[in-house]
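Here's the structure we're looking at; comments come further down.
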Amino acid sequence: MISRHLRHLQPHYDVLVVGSGPAGLAAAIGARETGAQRVLIVDREREAGGILLQCIHSGFGLHAFKEEITGPEYAERYLERALEADVDVLEDAFVMDVKAEGPPRDPTGNGGRPGRQRVKLMSPTVGVRVVEATSVVLAMGARERTRGAIHIPGDRPAGVLTAGLAQKMVNLHGYLPGRRIVILGSGDIGLIMARRLTLEGCEVAGVFEIMPYVNGLGRNVVQCLQDFDIPLHLSTTVVDIHGHDRVERVTVAPVDDRLEPVMDKAWDIACDTVLLSIGLIPENELSRRLGVRMDPLTNGPIVASTFETSLPGVFAAGNVVHINDLADWVSEQALLAGRSAGQFVTGGLPPDDNIRILPGDNVAQVVPHSVASERIHTVYFRVRKPIYGDTYVKLGDLHRRKVRAAVPAEMITMKVAPRLLRDFHGDALHVHAAPVEQEQAR
Amino acid sequence: MTAVERYTYLCTGCPLGCRLEVDAVEGDIIEIRGFECAKGKRYARDEHTDPRRPVSTTVAISGGALPRLPVRTADAVPKDVVPQVAVALRDVRVRAPVRRGDVVLTDVLGTGIDVIASRGMVALD
């Protein structure tokens with residue numbers, strides 16, 4: 001990557017961004033666009049870019065750059081834009097704590113007046129330092145769920161790891177995690193790693209998904225599994241892991257309607273490695289310590305349409321707010337969050353939202369958590385259960401749009417414009433998803 | 001009467017994943033349905049006649065901060081040579097500094113397609 005080592009850390013920044021993945025980079029650029037003068041990104045890795053650096057596959061940039069590029073290219077282009085905009089980047093530094101010292105939010109709803117945040121960070125080059133910032137953008141991303149999250153019984157040998165860790169080993173450091181691989185879970189990273197390890201000469205014995213549907217994108221089933229004849233077993237899970245020092249085999253079994261394994265149909269598969277691709281968890285230790293209000297459905301902060309959290313001047317963007325399918329969408333939301341952070345600094349933050357947005361029928365989660373009736377917004381949501389075939393997504397009774405299908409693996413977006421809300425005088429709207437036929441029968 | 005053969009493909013052109021249908025008579029395409037954009041229509045035609053895929057992998061690099069450099073084919077290559085492209089790149093070694101887009105292997109396997117660096121890597125002193 002391009003290297004520009006930060007020599008002097010300022011005592012005060014207008015906007016401090018925690019994390020330099022797709023969210024952090026776009027947020028920093030957004031903050032500069034709306035007038036923040038001094039913007040700092042802090043990242044705990046040796047170089048900026050976040051998880052994009054290990055995502056060497058194509059599929060990034062279709063929205064942001066109108067062409068298909070890889071993760072490292074996407075990261076480098078954004079980093080170049082951030083550096084051109086005179087954003088400071090402090091790598092190899094860990095944010096230990098953020099303390100809000102802002103005045104309470106103005107009850108008349110004129111947005112927060114600039115207070116300040118005290119950010120405590122630690123790095124080998126600058127030591128332990130406290131930096132003041134007028135505004136903070138939380139962009140820490142997500143981490144992978146591990147074996148402990150789903151309680152797989154069995155031995156505890158070496159060779160059980162998350163798909164993203166395997167991706168890091170292979171793509172950044174040049175190690176193979178094993179030779180004969182079983183993948184549990186059909187998240188995108190697992191599908192991508194099935195292909196990646198096959199190309200590196202490993203044998204992928206199969207991908208096992210407990211649900212009756214795939215958790216990753218359809219395109220990845222085609223180009224990562226079908227292209228390489230890698231078997232995909234739906235409604236099937238790993239029920240036991242065997243091995244003393246190293247994984248030797250796993251027991252897999254189909255599951256019934258209640259997701260209980262049917263043990264008399266179980267079978268064993270010899271393997272030396274089990275990769276887990278069973279979901280991501282927003283990384284919010286810092287947000288929780290800071291005391292922002294959290295949404296138990298997204299596991300991320302509750303955010304306004306400006307991506308401001310419950311604390312004035314503290315914004316959040318990307319996978320820290322909710323898990324996205326695409327880096328491009330993270331960048332889009334983070335650009336908004338960064339612009340808002342810049343507006344907070346210059347005093348131009350728009351008035352507070354006046355309508356709450358809530359998940360309704362068959363909707364698992366919605367972001368942002370509120371909108372303002374006089375502005376244009378994009379609402380991002382996921383369904384709870386898959387609907388195959390024509391589906392209406394609806395914003396209360398005000399608006400509906402037809403989509404071809406609605407599955408939990410694919411985030412759905414809906415534009416909300418002032419004309420929809422002109423005659424709405426309530427204070428909350430639910431987002432629903434229902435099959436078209438069911439709607440017509442009503 | 002010749003029978004119309006129907007083939008279905010899932011477009012990998014973007015994350016939408018359109019379900020594409022191709023009708024063909026004796027191998028010749030007579031109709032393509034299910035696409036939402038020109039790219040999808042082209043994908044269906046290509047997938048039926050000459051399926052192609054982009055390939056990403058890494059090559060060995062010395063003198064930089066990391067031991068591996070991510071690389072990709074500058075354009076998609078025929079689907080059936082994808083594994084060989086990955087194998088061909090196992091023997092490639094480069095030295096830092098490298099800039100994003102630098103060609104690390106020209107005309108891989110005679111496909112006419114170059115393999116390029118997906119990122120830059122500065123030389124360590």
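We label chains A, B, ... in the order they appear in the structure tokens, count residues from 1 in each chain, and number ligands from 1 in the order shown.
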If DSSP is run on the backbone, what residues of chain B are strand (DSSP E)? A reply as a JSON list (two decimals) with N, CA and C atoms, in the first residue's frame would be ideal.
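Output contents, as saved in part-v8.json:
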```json
[["chain", "number", "residue", "atom", "x", "y", "z"],
["B", 5, "GLU", "N", -34.29, -26.15, -26.30],
["B", 5, "GLU", "CA", -33.65, -26.54, -25.04],
["B", 5, "GLU", "C", -33.58, -25.30, -24.15],
["B", 6, "ARG", "N", -33.94, -25.49, -22.91],
["B", 6, "ARG", "CA", -33.91, -24.36, -21.98],
["B", 6, "ARG", "C", -32.79, -24.54, -20.95],
["B", 7, "TYR", "N", -31.94, -23.53, -20.82],
["B", 7, "TYR", "CA", -30.85, -23.56, -19.86],
["B", 7, "TYR", "C", -31.05, -22.44, -18.86],
["B", 8, "THR", "N", -30.72, -22.69, -17.60],
["B", 8, "THR", "CA", -30.83, -21.62, -16.61],
["B", 8, "THR", "C", -29.45, -21.34, -16.02],
["B", 9, "TYR", "N", -29.17, -20.07, -15.82],
["B", 9, "TYR", "CA", -27.91, -19.64, -15.23],
["B", 9, "TYR", "C", -28.21, -18.61, -14.16],
["B", 10, "LEU", "N", -27.32, -18.53, -13.16],
["B", 10, "LEU", "CA", -27.43, -17.47, -12.18],
["B", 10, "LEU", "C", -26.35, -16.46, -12.51],
["B", 19, "ARG", "N", -31.71, -14.62, -12.08],
["B", 19, "ARG", "CA", -31.90, -15.96, -12.63],
["B", 19, "ARG", "C", -32.14, -15.80, -14.12],
["B", 20, "LEU", "N", -31.20, -16.30, -14.92],
["B", 20, "LEU", "CA", -31.26, -16.11, -16.36],
["B", 20, "LEU", "C", -31.73, -17.38, -17.03],
["B", 21, "GLU", "N", -32.52, -17.22, -18.11],
["B", 21, "GLU", "CA", -32.97, -18.36, -18.89],
["B", 21, "GLU", "C", -32.53, -18.17, -20.34],
["B", 22, "VAL", "N", -31.95, -19.21, -20.89],
["B", 22, "VAL", "CA", -31.51, -19.17, -22.28],
["B", 22, "VAL", "C", -32.24, -20.28, -23.03],
["B", 23, "ASP", "N", -32.94, -19.91, -24.09],
["B", 23, "ASP", "CA", -33.55, -20.89, -24.98],
["B", 23, "ASP", "C", -32.66, -21.07, -26.19],
["B", 24, "ALA", "N", -32.40, -22.32, -26.55],
["B", 24, "ALA", "CA", -31.52, -22.57, -27.68],
["B", 24, "ALA", "C", -32.10, -23.70, -28.53],
["B", 25, "VAL", "N", -31.85, -23.61, -29.81],
["B", 25, "VAL", "CA", -32.22, -24.68, -30.73],
["B", 25, "VAL", "C", -30.94, -25.17, -31.39],
["B", 28, "ASP", "N", -27.93, -23.02, -30.89],
["B", 28, "ASP", "CA", -28.01, -21.58, -31.19],
["B", 28, "ASP", "C", -29.03, -20.90, -30.28],
["B", 29, "ILE", "N", -28.60, -19.81, -29.68],
["B", 29, "ILE", "CA", -29.49, -19.09, -28.76],
["B", 29, "ILE", "C", -30.61, -18.41, -29.54],
["B", 30, "ILE", "N", -31.84, -18.63, -29.11],
["B", 30, "ILE", "CA", -32.95, -17.92, -29.75],
["B", 30, "ILE", "C", -33.58, -16.87, -28.83],
["B", 31, "GLU", "N", -33.46, -17.08, -27.52],
["B", 31, "GLU", "CA", -34.00, -16.06, -26.62],
["B", 31, "GLU", "C", -33.29, -16.09, -25.27],
["B", 32, "ILE", "N", -33.10, -14.90, -24.67],
["B", 32, "ILE", "CA", -32.54, -14.78, -23.33],
["B", 32, "ILE", "C", -33.51, -14.00, -22.48],
["B", 33, "ARG", "N", -33.82, -14.53, -21.29],
["B", 33, "ARG", "CA", -34.77, -13.85, -20.39],
["B", 33, "ARG", "C", -34.18, -13.73, -18.99],
["B", 52, "ARG", "N", -16.56, -17.63, -18.71],
["B", 52, "ARG", "CA", -15.29, -17.06, -18.25],
["B", 52, "ARG", "C", -15.39, -16.64, -16.80],
["B", 53, "ARG", "N", -14.24, -16.62, -16.13],
["B", 53, "ARG", "CA", -14.19, -16.19, -14.74],
["B", 53, "ARG", "C", -12.92, -15.37, -14.50],
["B", 56, "SER", "N", -8.32, -14.78, -8.94],
["B", 56, "SER", "CA", -7.50, -14.08, -7.96],
["B", 56, "SER", "C", -6.69, -15.10, -7.19],
["B", 57, "THR", "N", -5.42, -14.78, -6.95],
["B", 57, "THR", "CA", -4.60, -15.63, -6.09],
["B", 57, "THR", "C", -3.47, -14.75, -5.55],
["B", 58, "THR", "N", -2.43, -15.36, -5.00],
["B", 58, "THR", "CA", -1.29, -14.57, -4.54],
["B", 58, "THR", "C", -0.03, -15.13, -5.16],
["B", 59, "VAL", "N", 1.03, -14.29, -5.24],
["B", 59, "VAL", "CA", 2.34, -14.77, -5.65],
["B", 59, "VAL", "C", 3.34, -14.40, -4.56],
["B", 60, "ALA", "N", 4.48, -15.08, -4.59],
["B", 60, "ALA", "CA", 5.53, -14.81, -3.59],
["B", 60, "ALA", "C", 6.15, -13.44, -3.88],
["B", 61, "ILE", "N", 6.38, -12.68, -2.82],
["B", 61, "ILE", "CA", 7.07, -11.39, -2.98],
["B", 61, "ILE", "C", 8.16, -11.30, -1.92],
["B", 62, "SER", "N", 9.31, -10.77, -2.31],
["B", 62, "SER", "CA", 10.37, -10.56, -1.33],
["B", 62, "SER", "C", 10.66, -9.07, -1.23],
["B", 68, "ARG", "N", 3.36, -12.43, 0.68],
["B", 68, "ARG", "CA", 2.50, -12.72, -0.47],
["B", 68, "ARG", "C", 1.93, -11.43, -1.05],
["B", 69, "LEU", "N", 1.84, -11.40, -2.38],
["B", 69, "LEU", "CA", 1.26, -10.27, -3.10],
["B", 69, "LEU", "C", -0.02, -10.75, -3.77],
["B", 70, "PRO", "N", -1.18, -10.13, -3.47],
["B", 70, "PRO", "CA", -2.39, -10.55, -4.16],
["B", 70, "PRO", "C", -2.36, -10.10, -5.63],
["B", 71, "VAL", "N", -2.80, -10.99, -6.51],
["B", 71, "VAL", "CA", -2.81, -10.69, -7.95],
["B", 71, "VAL", "C", -4.15, -11.16, -8.53],
["B", 72, "ARG", "N", -4.47, -10.64, -9.71],
["B", 72, "ARG", "CA", -5.68, -11.10, -10.39],
["B", 72, "ARG", "C", -5.47, -11.03, -11.89],
["B", 73, "THR", "N", -6.30, -11.78, -12.62],
["B", 73, "THR", "CA", -6.26, -11.67, -14.07],
["B", 73, "THR", "C", -6.89, -10.32, -14.43],
["B", 77, "VAL", "N", -10.85, -15.19, -17.63],
["B", 77, "VAL", "CA", -10.24, -16.22, -18.49],
["B", 77, "VAL", "C", -11.26, -17.34, -18.68],
["B", 78, "PRO", "N", -11.10, -18.17, -19.72],
["B", 78, "PRO", "CA", -12.03, -19.29, -19.89],
["B", 78, "PRO", "C", -12.13, -20.13, -18.61],
["B", 93, "ARG", "N", 7.62, -15.28, -8.78],
["B", 93, "ARG", "CA", 8.17, -14.55, -7.63],
["B", 93, "ARG", "C", 8.44, -13.12, -8.07],
["B", 94, "VAL", "N", 8.10, -12.17, -7.23],
["B", 94, "VAL", "CA", 8.39, -10.78, -7.56],
["B", 94, "VAL", "C", 9.12, -10.13, -6.40],
["B", 95, "ARG", "N", 9.66, -8.95, -6.66],
["B", 95, "ARG", "CA", 10.38, -8.20, -5.63],
["B", 95, "ARG", "C", 9.71, -6.86, -5.41],
["B", 103, "VAL", "N", 2.08, -5.50, -14.11],
["B", 103, "VAL", "CA", 1.89, -6.83, -14.67],
["B", 103, "VAL", "C", 2.90, -7.78, -14.03],
["B", 104, "VAL", "N", 2.43, -8.87, -13.44],
["B", 104, "VAL", "CA", 3.35, -9.84, -12.84],
["B", 104, "VAL", "C", 3.54, -11.05, -13.75],
["B", 105, "LEU", "N", 2.63, -11.27, -14.70],
["B", 105, "LEU", "CA", 2.77, -12.35, -15.68],
["B", 105, "LEU", "C", 1.97, -11.96, -16.92],
["B", 115, "VAL", "N", -1.71, -11.00, -15.89],
["B", 115, "VAL", "CA", -2.01, -11.06, -14.46],
["B", 115, "VAL", "C", -1.37, -9.83, -13.81],
["B", 116, "ILE", "N", -2.16, -9.10, -13.03],
["B", 116, "ILE", "CA", -1.69, -7.83, -12.47],
["B", 116, "ILE", "C", -1.75, -7.84, -10.95],
["B", 117, "ALA", "N", -0.94, -6.96, -10.33],
["B", 117, "ALA", "CA", -0.92, -6.83, -8.88],
["B", 117, "ALA", "C", -2.18, -6.14, -8.40]]
```
Can I get the residues of chain A within 9 Å of chain B, each with the closest pair of atoms and their distance in Å to one decimal, using only C-alpha atoms, sorted chain first then ascending number, as CSV?
```
residue,atom,partner,partner_atom,distance
A:Met1,CA,B:Gly120,CA,4.7
A:Ile2,CA,B:Gly120,CA,6.8
A:Ser3,CA,B:Val122,CA,7.6
A:Leu53,CA,B:Arg119,CA,8.7
A:Gln54,CA,B:Pro70,CA,8.5
A:Ile56,CA,B:Pro70,CA,6.1
A:His57,CA,B:Ser56,CA,5.4
A:Ser58,CA,B:Ser56,CA,7.1
A:Gly59,CA,B:Cys14,CA,7.3
A:Leu62,CA,B:Cys14,CA,7.2
A:Glu68,CA,B:Cys14,CA,8.6
A:Ile69,CA,B:Ser118,CA,8.4
A:Thr70,CA,B:Ser118,CA,6.7
A:Gly71,CA,B:Ser118,CA,8.2
A:Pro72,CA,B:Arg119,CA,5.6
A:Glu73,CA,B:Ser118,CA,5.4
A:Ala75,CA,B:Arg119,CA,8.8
A:Glu76,CA,B:Arg119,CA,6.9
A:Val170,CA,B:Thr58,CA,8.7
A:Asn171,CA,B:Thr58,CA,6.5
A:Leu172,CA,B:Arg68,CA,5.8
A:His173,CA,B:Pro67,CA,6.0
A:Gly174,CA,B:Arg68,CA,6.1
A:Arg196,CA,B:Thr57,CA,7.6
A:Thr198,CA,B:Pro83,CA,8.5
A:Leu199,CA,B:Pro83,CA,5.9
A:Glu200,CA,B:Ala86,CA,7.4
A:Gly201,CA,B:Val87,CA,8.6
A:Leu217,CA,B:Pro15,CA,6.7
A:Gly218,CA,B:Gly17,CA,5.8
A:Arg219,CA,B:Thr12,CA,4.7
A:Asn220,CA,B:Thr12,CA,7.8
A:Val222,CA,B:Leu10,CA,7.1
A:Gln223,CA,B:Thr12,CA,7.4
A:Asp227,CA,B:Lys79,CA,8.0
A:Asp325,CA,B:Pro15,CA,8.9
A:Leu326,CA,B:Pro15,CA,8.4
A:Glu410,CA,B:Leu16,CA,8.7
```
With only C-alpha atoms as the counted atoms, please give the residues lying no more than 9 Å from A:Leu191, apart from itself and same-chain residues fewer than 2 positions off, as a PDB file with C-alpha atoms, in the first residue's frame.
```
ATOM      1  CA  ALA A 163     -13.026 -18.895   7.567  1.00  0.00           C
ATOM      2  CA  ILE A 183     -16.655 -25.955   5.941  1.00  0.00           C
ATOM      3  CA  GLY A 185     -21.838 -22.607   7.481  1.00  0.00           C
ATOM      4  CA  SER A 186     -22.513 -21.098   4.074  1.00  0.00           C
ATOM      5  CA  GLY A 187     -21.630 -17.472   4.705  1.00  0.00           C
ATOM      6  CA  ASP A 188     -19.840 -15.646   1.909  1.00  0.00           C
ATOM      7  CA  ILE A 189     -16.399 -15.947   3.498  1.00  0.00           C
ATOM      8  CA  MET A 193     -12.530 -19.855   1.021  1.00  0.00           C
ATOM      9  CA  ALA A 194     -13.877 -23.096  -0.477  1.00  0.00           C
ATOM     10  CA  ARG A 195     -12.754 -21.822  -3.885  1.00  0.00           C
ATOM     11  CA  ARG A 196      -9.553 -20.237  -2.607  1.00  0.00           C
ATOM     12  CA  VAL A 207     -19.957 -27.074   2.783  1.00  0.00           C
ATOM     13  CA  GLY A 216     -24.135 -16.303   1.225  1.00  0.00           C
ATOM     14  CA  ASN A 220     -20.814 -17.202  -4.717  1.00  0.00           C
ATOM     15  CA  VAL A 221     -22.629 -20.549  -4.781  1.00  0.00           C
ATOM     16  CA  CYS A 224     -17.132 -20.744  -5.691  1.00  0.00           C
ATOM     17  CA  LEU A 225     -18.878 -24.109  -5.282  1.00  0.00           C
ATOM     18  CA  SER A 277     -18.453 -19.479   8.371  1.00  0.00           C
TER      19      SER A 277
END
```
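The helix (DSSP H, G or I) portion of stretch 197-260 of chain A consists of A:Leu197, A:Thr198, A:Leu199, A:Gly218, A:Arg219, A:Asn220, A:Val221, A:Val222, A:Gln223, A:Cys224, A:Leu225, A:Gln226, A:Asp227, A:Phe228, with states taken from DSSP on the backbone.
Taking atom CA of A:Arg375 and atom CA of A:Pro301 as the two end points, the separation is 21.7 Å.
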- Name the residues in contact with stretch 268-276 of chain A at a cut-off of 6 Å, using only C-alpha atoms, excluding same-chain residues fewer than 5 positions from it; report them as a ChimeraX atom specification. /A:159-163,178,180-184,247-251
Let me see the file: selected residues, N, CA and C atoms, as a CSV table (one decimal), in the first residue's frame.
```csv
chain,number,residue,atom,x,y,z
A,159,GLY,N,-6.9,-27.2,14.3
A,159,GLY,CA,-7.5,-27.3,13.0
A,159,GLY,C,-9.0,-26.9,12.9
A,160,VAL,N,-9.5,-26.3,14.0
A,160,VAL,CA,-10.8,-25.7,13.9
A,160,VAL,C,-10.7,-24.2,13.9
A,161,LEU,N,-11.0,-23.5,12.9
A,161,LEU,CA,-10.8,-22.1,12.8
A,161,LEU,C,-11.8,-21.4,12.0
A,162,THR,N,-11.9,-20.1,12.1
A,162,THR,CA,-12.9,-19.4,11.3
A,162,THR,C,-12.4,-19.2,9.9
A,163,ALA,N,-13.4,-19.0,9.0
A,163,ALA,CA,-13.0,-18.9,7.6
A,163,ALA,C,-12.2,-17.7,7.3
A,178,GLY,N,-4.7,-26.4,6.3
A,178,GLY,CA,-4.8,-27.8,6.3
A,178,GLY,C,-4.8,-28.3,4.9
A,180,ARG,N,-7.3,-31.2,3.9
A,180,ARG,CA,-8.6,-31.7,3.6
A,180,ARG,C,-9.6,-30.9,4.5
A,181,ILE,N,-10.5,-30.2,3.9
A,181,ILE,CA,-11.2,-29.2,4.6
A,181,ILE,C,-12.7,-29.5,4.6
A,182,VAL,N,-13.4,-29.3,5.8
A,182,VAL,CA,-14.8,-29.3,5.9
A,182,VAL,C,-15.2,-27.9,6.3
A,183,ILE,N,-16.2,-27.3,5.6
A,183,ILE,CA,-16.7,-26.0,5.9
A,183,ILE,C,-18.0,-26.0,6.5
A,184,LEU,N,-18.2,-25.5,7.8
A,184,LEU,CA,-19.5,-25.4,8.4
A,184,LEU,C,-20.0,-24.0,8.3
A,247,VAL,N,-7.5,-32.2,14.1
A,247,VAL,CA,-8.7,-32.8,13.6
A,247,VAL,C,-8.5,-34.0,12.7
A,248,GLU,N,-9.2,-35.1,13.0
A,248,GLU,CA,-9.1,-36.3,12.1
A,248,GLU,C,-10.3,-36.6,11.3
A,249,ARG,N,-11.5,-36.3,11.9
A,249,ARG,CA,-12.7,-36.4,11.1
A,249,ARG,C,-13.8,-35.7,11.9
A,250,VAL,N,-14.9,-35.5,11.1
A,250,VAL,CA,-16.1,-34.9,11.7
A,250,VAL,C,-17.3,-35.8,11.5
A,251,THR,N,-18.3,-35.7,12.4
A,251,THR,CA,-19.6,-36.4,12.1
A,251,THR,C,-20.6,-35.3,11.7
```
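For stretch 85-94 of chain A, the residues within 8 Å (counting only C-alpha atoms, excluding itself and residues fewer than 6 positions away along the chain) are A:His5, A:Leu6, A:Ala28, A:Ile29, A:Arg32, A:Arg38, A:Val39, A:Leu40, A:Ile41, A:Val42, A:Asp43, A:Arg44, A:Glu45, A:Arg46, A:Glu47, A:Ala48, A:Leu121, A:Met122, A:Ser123, A:Pro124.
Atom CA of A:Leu290 is found 22.5 Å from atom CA of A:Ala36.
The space between atom CA of A:Leu16 and atom CA of A:Leu52 spans 20.8 Å.
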